[in-house]
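Before any comments, here is the structure.
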Amino acid sequence: MTLRPATPLLDTVATPPDLRKLEAGQLRQLADELRQEMIDTVGTTGGHLGSGLGVVELTVAIHYVFDTPTDRLVWDVGHQAYPHKIITGRRDRIRTLRQGGGLSGFTKRSESEYDPFGAAHSSTSISAGLGFAIANKLNGVPGKAIAVIGDGAMSAGMAYEAMNNAEQAGNRLVVILNDNDMSIAPPVGGLSGYLARLVTSGQFLGLRELAKRFARKLPKPLHVAARKTDEYARGMAMGGTLFEELGFYYVGPIDGHDLDQLIPVLENVRDAAEGPCLIHVVTKKGKGYAPAEEASDKYHGVQKFNVVTGEQSKPTPGAPAYQNVFGETLAKLAQSDPKICAITAAMPSGTGVDRFAKAHPTRAFDVGIAEQHAVTFAAGLAAQGMRPFCAIYSTFLQRAYDQIVHDVAIQNLPVRFAIDRAGLVGADGATHAGSFDITYLASLPNMVVMSPSDEAELVHMTYTASLHDSGPIAFRYPRGNGTGVALPEVPLQLEIGKGRVVRGDERGGKVAILSLGTRLAEAQKAADALEAKGLATTVADLRFAKPLDSALIRRLATTHEVVVTVEEGSVGGLGAHVLTLASDEGLLDAGLKIRTLRLPDLFQDHDAPDKQYDQAGLTAPHIVETVLNALRHNSAGVEEARA
C-alpha cells in the first residue's frame, strides 16, 4: 500500500481566517512551509530576503491571534512583508513581486485589505497604527492596531514622537519591536519568555490593578513610591524603562521564533485591559536559510539566486555603479583635504560612503535612520569649518526638507548634498523614486543644483562640490551603473552655473535640446534621428539646474526654432525654470517654441527602468516626436496667420 503524501498545510491557508482554523500545534509546520515558499519565491524574483525570513513565525502568530483585517496590522518599511503577502490571498501572484504589473515589494493599500497602510520608508508604523486605534475608539467600533517596527527604525525620532502621543489609544494599540540585531536587548531565553507570559497574564494584570487601586488610597508620596516600585521591579526583570516612561506597558524580550512563547504572550496582550503595550521580540535576520544567516548582510536585498547553494546571479561586468564612483572619488579627495567628511543615514553601502569609511573611518558617520539629524549635523560641521558631504537617497532626503531650508539654505552653510537614486529606480517603484529633488532644491535661495550626464561628470561634480565653500551645493545621480566612459585621472573644477554644448552649433540651427542628467545619451540619439530628417540639432548638457546658464539658454533660444528641455524629475524642475527665464526675458514673443519633457504628474509603479522611462516619455523617440509636433504646430500657426 502506497501512502499518499499529506497536503501541505500552506495549501490549506489562503487567508488568515483559514490560518485561525488550525490547531496551535500545527503552526510550526506552517511556518516552516511558509519560510520555504518565501525562499523559493525570492530565488526566482530577487528582492528582500533576510528581513522576511526573520519574521515568519511572528507573521503566523500575529494573524493567528489577532482578527486581521479588522485588527489593523501595519508593517514598518514593509520589505519584510513577503510572508504576510503569501498568507493574505496573494500566494498565486507572489512570483510577480517587483515586476511590472505584479505585486509591490512593500505593503500597498491598493493590493489588499490586509495592507491597511502603505509603507516603504521607515519609522511610520506607530504613528499610522495610533491613527487607526484612535479612529476606532472615536467611532466606537472594534479593532486594534498592531505596529511591527524594527530596531533599526527605532533610530528615527518619529517613532518616539508617536509613542509619546500613544497613551490615549489605550489597549487598542500594540507595538511589536522586532529586534533582529541584538542591538537593544541581552540574549533571551526560557526565563525571559516565562516572565513575559507571567506579566501579561490575566492573573498578574488583575493583581496589579488591585494593587494600583489600593495604592491610590495611600497618601500621595506612598502612592508615587508604590507606582515607581512596580515599574522598577518589572524594569529590573524585563528592561524597557524608556518605553514605560512613554506610557507603554513593556513586555519582553521574548524569542520571536518560538511559537510556544509568542502565541500566549500575544493572546494575553490582545485580551489585556491595560493601556498601549510594547512587545519586545528578538528575531534573527535570515533565519532558517543558512546562506542568509551566514552572510554579513543576512541577504538583505538579493538578486535571483540558486536556492540550493545560495549563489546569487551576478550582473554582467560593466561600468562602475554611480554610488561607487562617488565614494571612491570622495575618498581620494579626502586624502589631501582633512576637512572632508561623509555622513549617511543607515545606507553606507547604498551611497558608497562605505568606501570612504574604509579609507577615513574617523571622518565617516552613519547616523542611522535619521535624515533630519543627518542634515543638521552636517550644517553644524559646516558652520565649524568642515566640508561635510551628506549622502542620502533622493527619496529619503525628502524627510529632511525643513532642515535643508532652515538649517542649511537660510544660513547659507556649505553642506554638500550627494543625492543618490535620483530619477526612476525600477523594481522599488514610486516610494523610492527620486522624482522631486530638482523641484524642491532648485526653488531655494543660495542652493546650487547639479546633475552629471555620466560617471566622469560625477567625478568633476564631486570635486567641484568639495571646493564650493560659499553656500550649499547638491549633485544628483541615478541608481545603477554608469555609461562606461573613462574616469578622469585629474578632476576638473566646473564653473558654477555653466553648461556645455556637446553637439551642433549654438550659433544657429532648427532644434536645441537642453539636457540635465543622464538622459543626455537619449538626447544624442534623438539628435541623430532629427539630423537624418534634415533638422539641424544642437544638444547642450546644462549640468546645472540652478543657477541656470542663462547666457547659453538665451543664445540657443534666439538662434533655434524649437527648444526642448529633458530631465529626470517632476514638473517644477529644470523645464519650469527655463520657461520662467524665457518669459521674464521676452524670448517667447518672437515665436520660440519651448517644450519640457519631465516625469509625468503621477506616481509610477515598479517596472524595469527602461520601461519606466519609456512610460514617462523620456526616450529618444519621445524627444523626436515632441520636436516634430512643435514644428507642425508652428507651421500650422504660420499658415493660419497668412490666411
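If you're wondering about the labels, chains in the C-alpha cells are A, B, ... by order shown, residues count from 1 in each chain, ligands from 1 in order shown.
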Would you pick out the contacts of Tyr64 of chain A at 12 Å or less, using only C-alpha atoms, so that residues sharing its chain but fewer than 3 positions from it are not included, and give the list as number ranges by chain? A: 13, 15-24, 26-27, 30-31, 57-61, 67-69, 71, 84, 87-88, 259, 262-264, 266-267, 270
As a ChimeraX atom specification, please: all residues of segment 344-520 of chain A that backbone DSSP puts in strand (DSSP E or B). /A:344,364-366,387-393,416-420,423,434,448-450,473-476,481,500-503,511-515
Residue list (alpha helix (DSSP H), DSSP) for segment 318-467 of chain A, as number ranges by chain: A: 322-336, 348-351, 353-359, 371-383, 394-397, 401-403, 437-442, 455-467
Hey, what's within 8 Å of Leu53 of chain A if we count only C-alpha atoms and toss same-chain stuff fewer than 2 positions away? As a ChimeraX atom specification, please? /A:35,38,49-51,55-56,80,83,285-289
Give me, as a ChimeraX atom specification, all polymer residues having an atom no more than 12 Å from His622 of chain A, counting only C-alpha atoms and skipping those fewer than 6 positions away in the same chain. /A:519,522-523,525-527,529-530,564,566,595-598,613-616,628-629
Exercise: Cys341 of chain A partners within 9 Å, only C-alpha atoms, chain neighbours under 2 positions left out, as a PDB file with N, CA and C atoms, in the first residue's frame:
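part06.pdb was written with the following content:
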ATOM      1  N   LEU A 330      35.388  60.629  -3.495  1.00  0.00           N
ATOM      2  CA  LEU A 330      35.431  61.394  -2.248  1.00  0.00           C
ATOM      3  C   LEU A 330      36.569  60.914  -1.349  1.00  0.00           C
ATOM      4  N   ALA A 334      39.660  63.243  -0.015  1.00  0.00           N
ATOM      5  CA  ALA A 334      39.883  63.413   1.424  1.00  0.00           C
ATOM      6  C   ALA A 334      41.320  63.119   1.833  1.00  0.00           C
ATOM      7  N   PRO A 338      41.815  67.319   4.831  1.00  0.00           N
ATOM      8  CA  PRO A 338      41.365  66.754   6.113  1.00  0.00           C
ATOM      9  C   PRO A 338      40.022  67.286   6.587  1.00  0.00           C
ATOM     10  N   LYS A 339      39.479  68.280   5.903  1.00  0.00           N
ATOM     11  CA  LYS A 339      38.188  68.823   6.313  1.00  0.00           C
ATOM     12  C   LYS A 339      37.007  68.070   5.705  1.00  0.00           C
ATOM     13  N   ILE A 343      28.617  61.774   5.621  1.00  0.00           N
ATOM     14  CA  ILE A 343      27.511  61.405   6.502  1.00  0.00           C
ATOM     15  C   ILE A 343      26.496  60.623   5.683  1.00  0.00           C
ATOM     16  N   PHE A 356      34.377  55.316   1.439  1.00  0.00           N
ATOM     17  CA  PHE A 356      35.026  56.431   2.116  1.00  0.00           C
ATOM     18  C   PHE A 356      35.402  56.033   3.543  1.00  0.00           C
ATOM     19  N   HIS A 360      38.843  56.429   5.548  1.00  0.00           N
ATOM     20  CA  HIS A 360      38.855  57.522   6.533  1.00  0.00           C
ATOM     21  C   HIS A 360      37.816  57.246   7.620  1.00  0.00           C
ATOM     22  N   THR A 362      37.488  57.784  10.769  1.00  0.00           N
ATOM     23  CA  THR A 362      37.132  58.795  11.774  1.00  0.00           C
ATOM     24  C   THR A 362      36.339  59.951  11.186  1.00  0.00           C
ATOM     25  N   ARG A 363      36.239  59.999   9.861  1.00  0.00           N
ATOM     26  CA  ARG A 363      35.509  61.091   9.222  1.00  0.00           C
ATOM     27  C   ARG A 363      34.248  60.615   8.512  1.00  0.00           C
ATOM     28  N   ALA A 364      33.848  59.396   8.796  1.00  0.00           N
ATOM     29  CA  ALA A 364      32.618  58.844   8.220  1.00  0.00           C
ATOM     30  C   ALA A 364      31.609  58.616   9.335  1.00  0.00           C
ATOM     31  N   PHE A 365      30.351  59.034   9.098  1.00  0.00           N
ATOM     32  CA  PHE A 365      29.334  58.972  10.132  1.00  0.00           C
ATOM     33  C   PHE A 365      28.048  58.374   9.571  1.00  0.00           C
ATOM     34  N   LEU A 381      28.669  70.850  11.318  1.00  0.00           N
ATOM     35  CA  LEU A 381      30.044  70.620  10.865  1.00  0.00           C
ATOM     36  C   LEU A 381      30.499  71.737   9.930  1.00  0.00           C
ATOM     37  N   MET A 386      34.223  72.561   8.631  1.00  0.00           N
ATOM     38  CA  MET A 386      34.440  71.295   7.931  1.00  0.00           C
ATOM     39  C   MET A 386      33.753  71.328   6.566  1.00  0.00           C
ATOM     40  N   ARG A 387      34.042  70.322   5.751  1.00  0.00           N
ATOM     41  CA  ARG A 387      33.435  70.201   4.421  1.00  0.00           C
ATOM     42  C   ARG A 387      32.620  68.905   4.380  1.00  0.00           C
ATOM     43  N   PRO A 388      31.413  68.926   4.944  1.00  0.00           N
ATOM     44  CA  PRO A 388      30.619  67.700   5.024  1.00  0.00           C
ATOM     45  C   PRO A 388      29.895  67.378   3.722  1.00  0.00           C
ATOM     46  N   PHE A 389      29.921  66.096   3.363  1.00  0.00           N
ATOM     47  CA  PHE A 389      29.126  65.569   2.260  1.00  0.00           C
ATOM     48  C   PHE A 389      28.020  64.722   2.868  1.00  0.00           C
ATOM     49  N   CYS A 390      26.801  65.133   2.663  1.00  0.00           N
ATOM     50  CA  CYS A 390      25.630  64.440   3.202  1.00  0.00           C
ATOM     51  C   CYS A 390      25.075  63.558   2.083  1.00  0.00           C
TER      52      CYS A 390
END
Please provide the set of residues having any atom within 9 Å of segment 122-132 of chain A, restricted to only C-alpha atoms, with same-chain residues fewer than 4 positions apart removed, written as an NGL selection string. :A and (72-78 or 117 or 136-137 or 143-150 or 152-163 or 165-166 or 169 or 172-175 or 369)
Using only C-alpha atoms, which protein or nucleic acid residues come within 12 Å of Asn481 of chain A? Drop anything in the same chain fewer than 3 positions from it, and give the result as an MDAnalysis selection string. chainID A and resid 315:326 421 454:455 477:478 484:485 518
